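Taking it in order: structure first as C-alpha cells, then the write-up.
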Amino acid sequence: MVTPLGTGVDKNWSALCTGRSGIGPITRFDASPLRCQIAGEVKDFHPTDFVDEKFAKRFDPFIQYAMAASVMAWEDSGLKMGQYDPRRIAVVIGTACGTNSYFEHAHRLVLQGDLRKVPPFFLLNDSGNMVAAVVAIRFGAKGPNHCPMEACVAGTSAIGLASKLIQYDEADVAIAGGADAGITPTCIASLDNLGALTTKRNSEPEKASRPFDADRDGFVTSEGSGIVVLEALDTALRREAKIYGEIAGFASNCDAYHYTSPTPDGAGQAECMHLALKDAGVAPEDVDYINAHGTSTILNDIAETRAIKKVFGSRAKNVAISSNKSMTGHMWGASGAVEAIFSLLTIKNGIIPPTINYETPDPECDLDYVPNRARKAKVDIVLSNSFGFGGVNAVLVLKKFEGA
Amino acid sequence: MDVYEVVKKAICKVEPGLDESKIVPAALLKEDLDLDSLDRVELALTLEDELGLYLQDEEMGNIFTVGDVVALIESKLKVEKKS
C-alpha cells in the first residue's frame, strides 16, 4: 500500500498502531484562497522504485500508486509469473476520480491554445480503467479486468467483486484494490466549496481528522492506493501461500436518496451491513470489530453510528469500532482497500488501531470508538464499511483463516 | 542550429533513462532505442514544439533511424527557408 503514512504495509501498520497522523499542509499548489488548506499527501514515494522513468512520466500519480501497491502485494504473495494460467488471473482496481493532475495539466495546455502539445497519453490516463490495464500488462494477467468507478467505496467494491470472480470460478487469482490521487486545485476547491472538508484546523493539521468526536467539522482529503492479492483457497493451500485472512462476505447497495448526504437514519448503510453479514453467513453477534467508514464529517459519523445500532441492537455499545481515516485521512477510492488490509492485519496481529483525536464525546455518536490508543484484542471477524457520494455503500466481512 | 543535437535531446526527453551513447545516426528507433508507436508520436510533438514545425503522420511513417529523423527535419527546415 501507498498512503500518507508511508509506502509499504510495515510503515503503515506501525504508524497506525502508534496513532500517528499523516495529515499536513497542502504543498502541491497554493491553497491559500481555500478554507481547507490541509491534506494527506503521499510523501516518501519514489515511482522509479517500482516502474521505469518512462512509465512514471506517462501516467498520473493515481496509476503510479496503484502500480507500486500491486508490485508490493504481488511480491508479498509469493506468486510467480507463469505459475497459473494467465487467463485465470483477474485485475479489479477501483477509483473515485481516476486521473486528476494529468487532466488539469492537459486542460491548461488547451486553454493556452497549445492543442498540439496535449500529450498523446492524456486520453489513456483519462480512461480510469487504464489503472487495471497497466497492472494486467505488468503481470500478464489475461483474466477479467475491471475498474469500478464508485466514489469512496471503489476499493471496497473492487475487492468484493474480485472475491466473487473467484467464488464463481471465473478466476483463480485476483489483484484487487483501489487508488486515487485527488490533491489537485480542481478537486480540493470543489470539495471545499461543497463544504465537505474540515476548515477549522489548518494550523494543526494532524488534529483535523477526528471521526466521531463532537468537534469534527469535515473530512481531510488524502491519496494513495491499497492492493491485495486474492486467491482461491484450494490453490492457496496447495502452494502453501501466506494467508492473511478470508474475504467472507461482500455486499453493495445504494441509498437512492441524495448526492452527498447519507440517509439520516443510516437505513441504507444498515441494510448493506446486513447483506454483507448474510453473504458471509455470519451473525452480528460474531463480529469482533468494525472498521468504520468514519470520515469525520458531521453527517457520516452520525448516520454510520445509527446504522451500526440498527444492525447490532443492544450489543452495538460492546463492539469495538475505529476509523483509520483519523490518521490516513480520506483516500477516496483507495480507502476501502487500505482499510480492508488494515482489517486483515488487525485479525492477524490482535491489535485494534485507535481512532485518534477523539477528545469530546458527541451524544449522537455514543459507541466504543477505541479512542486514541490501540487496543489488544482477539479479533476473528471484522466488518469493514465504506460509503460514498451518490449514496453508494459497500461492506466487506473479513475473517480469520482457521485452517483447512 | 545543430539539428542532430535537437533530435538527440528530444529522444532523451521521450525515453528518459536511455543511455545517450546509443543515440547514433544509424540507430533504429524501435529496435535499438525502444521507441514504440506512442513514443514516436511524442517524439514528433516534442520536435514540433522545439522547432515550430508541423510533422505529418505520413512523413513520420517513413522514419526508421535517428539519421532519418535528422534528414526529415533538415529537409523541412530548408523548405521553410525557401518559402
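By order of appearance in the C-alpha cells: chains A, B, ..., then residues from 1 within every chain, and ligands from 1 in the order shown.
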Counting only C-alpha atoms, which residues in chain A sit no more than 9 Å from chain B? For each one, give the nearest pair of atoms and the distance in Å, sorted by chain then residue number, as JSON lines.
```
{"residue": "A:Asp52", "atom": "CA", "partner": "B:Gly17", "partner_atom": "CA", "distance": 8.1}
{"residue": "A:Glu53", "atom": "CA", "partner": "B:Pro16", "partner_atom": "CA", "distance": 5.8}
{"residue": "A:Lys54", "atom": "CA", "partner": "B:Pro16", "partner_atom": "CA", "distance": 5.9}
{"residue": "A:Lys57", "atom": "CA", "partner": "B:Pro16", "partner_atom": "CA", "distance": 8.5}
{"residue": "A:Arg116", "atom": "CA", "partner": "B:Leu45", "partner_atom": "CA", "distance": 7.1}
{"residue": "A:Lys117", "atom": "CA", "partner": "B:Leu45", "partner_atom": "CA", "distance": 6.6}
{"residue": "A:Val118", "atom": "CA", "partner": "B:Leu45", "partner_atom": "CA", "distance": 8.9}
{"residue": "A:Pro119", "atom": "CA", "partner": "B:Glu42", "partner_atom": "CA", "distance": 7.1}
{"residue": "A:Pro120", "atom": "CA", "partner": "B:Glu42", "partner_atom": "CA", "distance": 6.8}
{"residue": "A:Phe121", "atom": "CA", "partner": "B:Leu38", "partner_atom": "CA", "distance": 8.1}
```
Contacts of Ile341 of chain A at 9 Å or less, counting only C-alpha atoms, minus same-chain residues fewer than 4 places along, as a PyMOL selection string? chain A and resi 1+9+226-228+244+336-337+345-346
With N, CA and C atoms retained, could you export that selection as a short mmCIF file (atom, residue, chain, number, x, y, z; two decimals), in the first residue's frame?
```
data_model
loop_
_atom_site.label_atom_id
_atom_site.label_comp_id
_atom_site.auth_asym_id
_atom_site.auth_seq_id
_atom_site.Cartn_x
_atom_site.Cartn_y
_atom_site.Cartn_z
N MET A 1 0.82 -1.20 0.00
CA MET A 1 0.00 0.00 0.00
C MET A 1 0.86 1.25 0.00
N VAL A 9 3.40 -1.90 3.81
CA VAL A 9 2.49 -2.25 4.90
C VAL A 9 3.12 -1.99 6.27
N GLY A 226 -4.34 0.97 -2.11
CA GLY A 226 -4.23 -0.30 -1.39
C GLY A 226 -4.56 -1.42 -2.35
N ILE A 227 -3.72 -2.43 -2.41
CA ILE A 227 -3.95 -3.55 -3.32
C ILE A 227 -3.73 -4.85 -2.57
N VAL A 228 -4.62 -5.82 -2.80
CA VAL A 228 -4.42 -7.16 -2.24
C VAL A 228 -4.35 -8.18 -3.37
N TYR A 244 -3.46 -14.16 4.94
CA TYR A 244 -3.76 -13.14 5.96
C TYR A 244 -5.16 -13.31 6.53
N GLY A 336 -11.13 2.19 1.11
CA GLY A 336 -11.74 0.90 1.45
C GLY A 336 -10.76 -0.25 1.31
N ALA A 337 -9.90 -0.16 0.30
CA ALA A 337 -8.93 -1.23 0.08
C ALA A 337 -7.86 -1.21 1.16
N LEU A 345 -4.85 -7.11 9.03
CA LEU A 345 -3.72 -7.03 9.98
C LEU A 345 -4.22 -6.99 11.42
N THR A 346 -5.39 -6.40 11.62
CA THR A 346 -6.00 -6.38 12.95
C THR A 346 -6.27 -7.81 13.41
#
```
Interatomic distance (Å, one decimal) between atom CA of Pro205 of chain A and atom CA of Ile26 of chain A: 9.8 Å
From a backbone DSSP assignment, name each residue in segment 114-179 of chain A labelled strand (DSSP E), as a PyMOL selection string. chain A and resi 145-146+173-179
So that I have them on file, write out the residues from the current selection with N, CA and C atoms, as a compact mmCIF listing (two decimals), in the first residue's frame.
```
# COMPACT_ATOMS: atom_id res chain seq x y z
N ASN A 145 -10.98 -8.04 -16.30
CA ASN A 145 -10.28 -6.80 -15.98
C ASN A 145 -11.32 -5.69 -15.79
N HIS A 146 -11.43 -5.19 -14.56
CA HIS A 146 -12.47 -4.21 -14.28
C HIS A 146 -11.95 -3.03 -13.47
N VAL A 173 -6.91 -16.26 -9.29
CA VAL A 173 -6.17 -15.21 -8.58
C VAL A 173 -6.73 -13.87 -9.02
N ALA A 174 -6.77 -12.91 -8.10
CA ALA A 174 -7.18 -11.55 -8.48
C ALA A 174 -6.31 -10.53 -7.77
N ILE A 175 -5.85 -9.57 -8.55
CA ILE A 175 -5.13 -8.42 -7.98
C ILE A 175 -6.21 -7.34 -7.84
N ALA A 176 -6.48 -6.92 -6.61
CA ALA A 176 -7.66 -6.07 -6.41
C ALA A 176 -7.41 -4.97 -5.39
N GLY A 177 -8.07 -3.83 -5.59
CA GLY A 177 -7.96 -2.74 -4.63
C GLY A 177 -8.43 -1.44 -5.22
N GLY A 178 -7.87 -0.34 -4.72
CA GLY A 178 -8.31 0.97 -5.17
C GLY A 178 -7.17 1.97 -5.15
N ALA A 179 -7.35 3.07 -5.88
CA ALA A 179 -6.32 4.11 -5.93
C ALA A 179 -6.96 5.45 -6.26
```
Find the distance between atom CA of Ala196 of chain A and atom CA of Thr360 of chain A and write it in Å to one decimal.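 Taking atom CA of Ala196 of chain A as the start and atom CA of Thr360 of chain A as the end point, the length is 20.8 Å.
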Would you give me, as a ChimeraX atom specification, the residues in chain B that DSSP reads as alpha helix (DSSP H)? /B:3-14,37-51,57-61,66-82
Distance in Å - atom CA of Val42 of chain A versus atom CA of Met67 of chain A: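 Value for the atom CA of Val42 of chain A-atom CA of Met67 of chain A distance: 14.5 Å.
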Do you know which residues are at most 8 Å from Ser157 of chain A counting only C-alpha atoms, after dropping those on the same chain fewer than 5 positions away, and could you put them as number ranges by chain? A: 94, 148, 150, 252, 394-395
Export of the given selection (N, CA and C atoms) as a compact mmCIF listing (two decimals), in the first residue's frame:
```
# COMPACT_ATOMS: atom_id res chain seq x y z
N GLY A 94 -10.38 -0.20 -8.41
CA GLY A 94 -11.36 0.87 -8.48
C GLY A 94 -10.75 2.23 -8.17
N PRO A 148 -14.11 -0.54 -11.16
CA PRO A 148 -15.31 0.10 -10.63
C PRO A 148 -15.01 1.55 -10.26
N GLU A 150 -16.49 4.11 -8.35
CA GLU A 150 -17.58 4.16 -7.39
C GLU A 150 -17.24 5.00 -6.17
N SER A 252 -23.15 -4.66 -1.68
CA SER A 252 -23.20 -3.25 -2.05
C SER A 252 -24.65 -2.87 -2.32
N ALA A 394 -20.73 -0.01 0.41
CA ALA A 394 -20.13 -1.32 0.18
C ALA A 394 -19.52 -1.80 1.49
N VAL A 395 -19.74 -3.05 1.80
CA VAL A 395 -19.28 -3.60 3.08
C VAL A 395 -18.62 -4.95 2.84
```
Using only C-alpha atoms, which protein or nucleic acid residues come within 6 Å of Ala280 of chain A? Drop anything in the same chain fewer than 3 positions from it, and give the result as a VMD selection string. chain A and resid 248 to 249 277
Restricted to N, CA and C atoms, what would the selected residues look like written as a PDB file, in the first residue's frame?
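Dumped everything to part_22.pdb:
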```
ATOM      1  N   ALA A 248     -14.886 -13.086   3.557  1.00  0.00           N
ATOM      2  CA  ALA A 248     -16.004 -13.985   3.847  1.00  0.00           C
ATOM      3  C   ALA A 248     -17.311 -13.490   3.237  1.00  0.00           C
ATOM      4  N   GLY A 249     -17.458 -12.185   3.110  1.00  0.00           N
ATOM      5  CA  GLY A 249     -18.716 -11.671   2.579  1.00  0.00           C
ATOM      6  C   GLY A 249     -18.573 -10.277   2.006  1.00  0.00           C
ATOM      7  N   LEU A 277     -23.199  -9.404   5.986  1.00  0.00           N
ATOM      8  CA  LEU A 277     -23.148 -10.445   7.027  1.00  0.00           C
ATOM      9  C   LEU A 277     -23.865 -11.706   6.545  1.00  0.00           C
TER      10      LEU A 277
END
```
Selection near Asp286 of chain A, 9 Å with only C-alpha atoms, sequence-local residues under 2 positions removed, as a ChimeraX atom specification: /A:282-284,288,380-381
Surrounding residues of segment 24-34 of chain B excluding itself and chain neighbours under 2 positions, 6 Å, only C-alpha atoms, as a ChimeraX atom specification: /B:22,36,64-67
Any chance you could export the current selection's C-alpha atoms as a compact mmCIF listing (two decimals), in the first residue's frame?
```
# COMPACT_ATOMS: atom_id res chain seq x y z
CA LYS B 22 23.13 4.63 -28.06
CA ASP B 36 7.18 2.27 -29.70
CA PHE B 64 13.31 4.25 -39.09
CA THR B 65 16.60 5.58 -37.79
CA VAL B 66 17.87 8.61 -35.89
CA GLY B 67 19.52 9.72 -39.13
```
If you count only C-alpha atoms, the residue of A:Gly294, A:Gly313, A:Gly333, A:Pro262 closest to Gly128 of chain A turns out to be A:Gly333
Contacts of Leu55 of chain B at 12 Å (only C-alpha atoms; same-chain gap of 3+ positions) as a count of residues only: 26
Find, counting only C-alpha atoms, the residue in B:Ala71, B:Glu5, B:Ser37, B:Lys81 that gets nearest to Ile23 of chain B.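 The answer is B:Glu5, which sits nearest to Ile23 of chain B.
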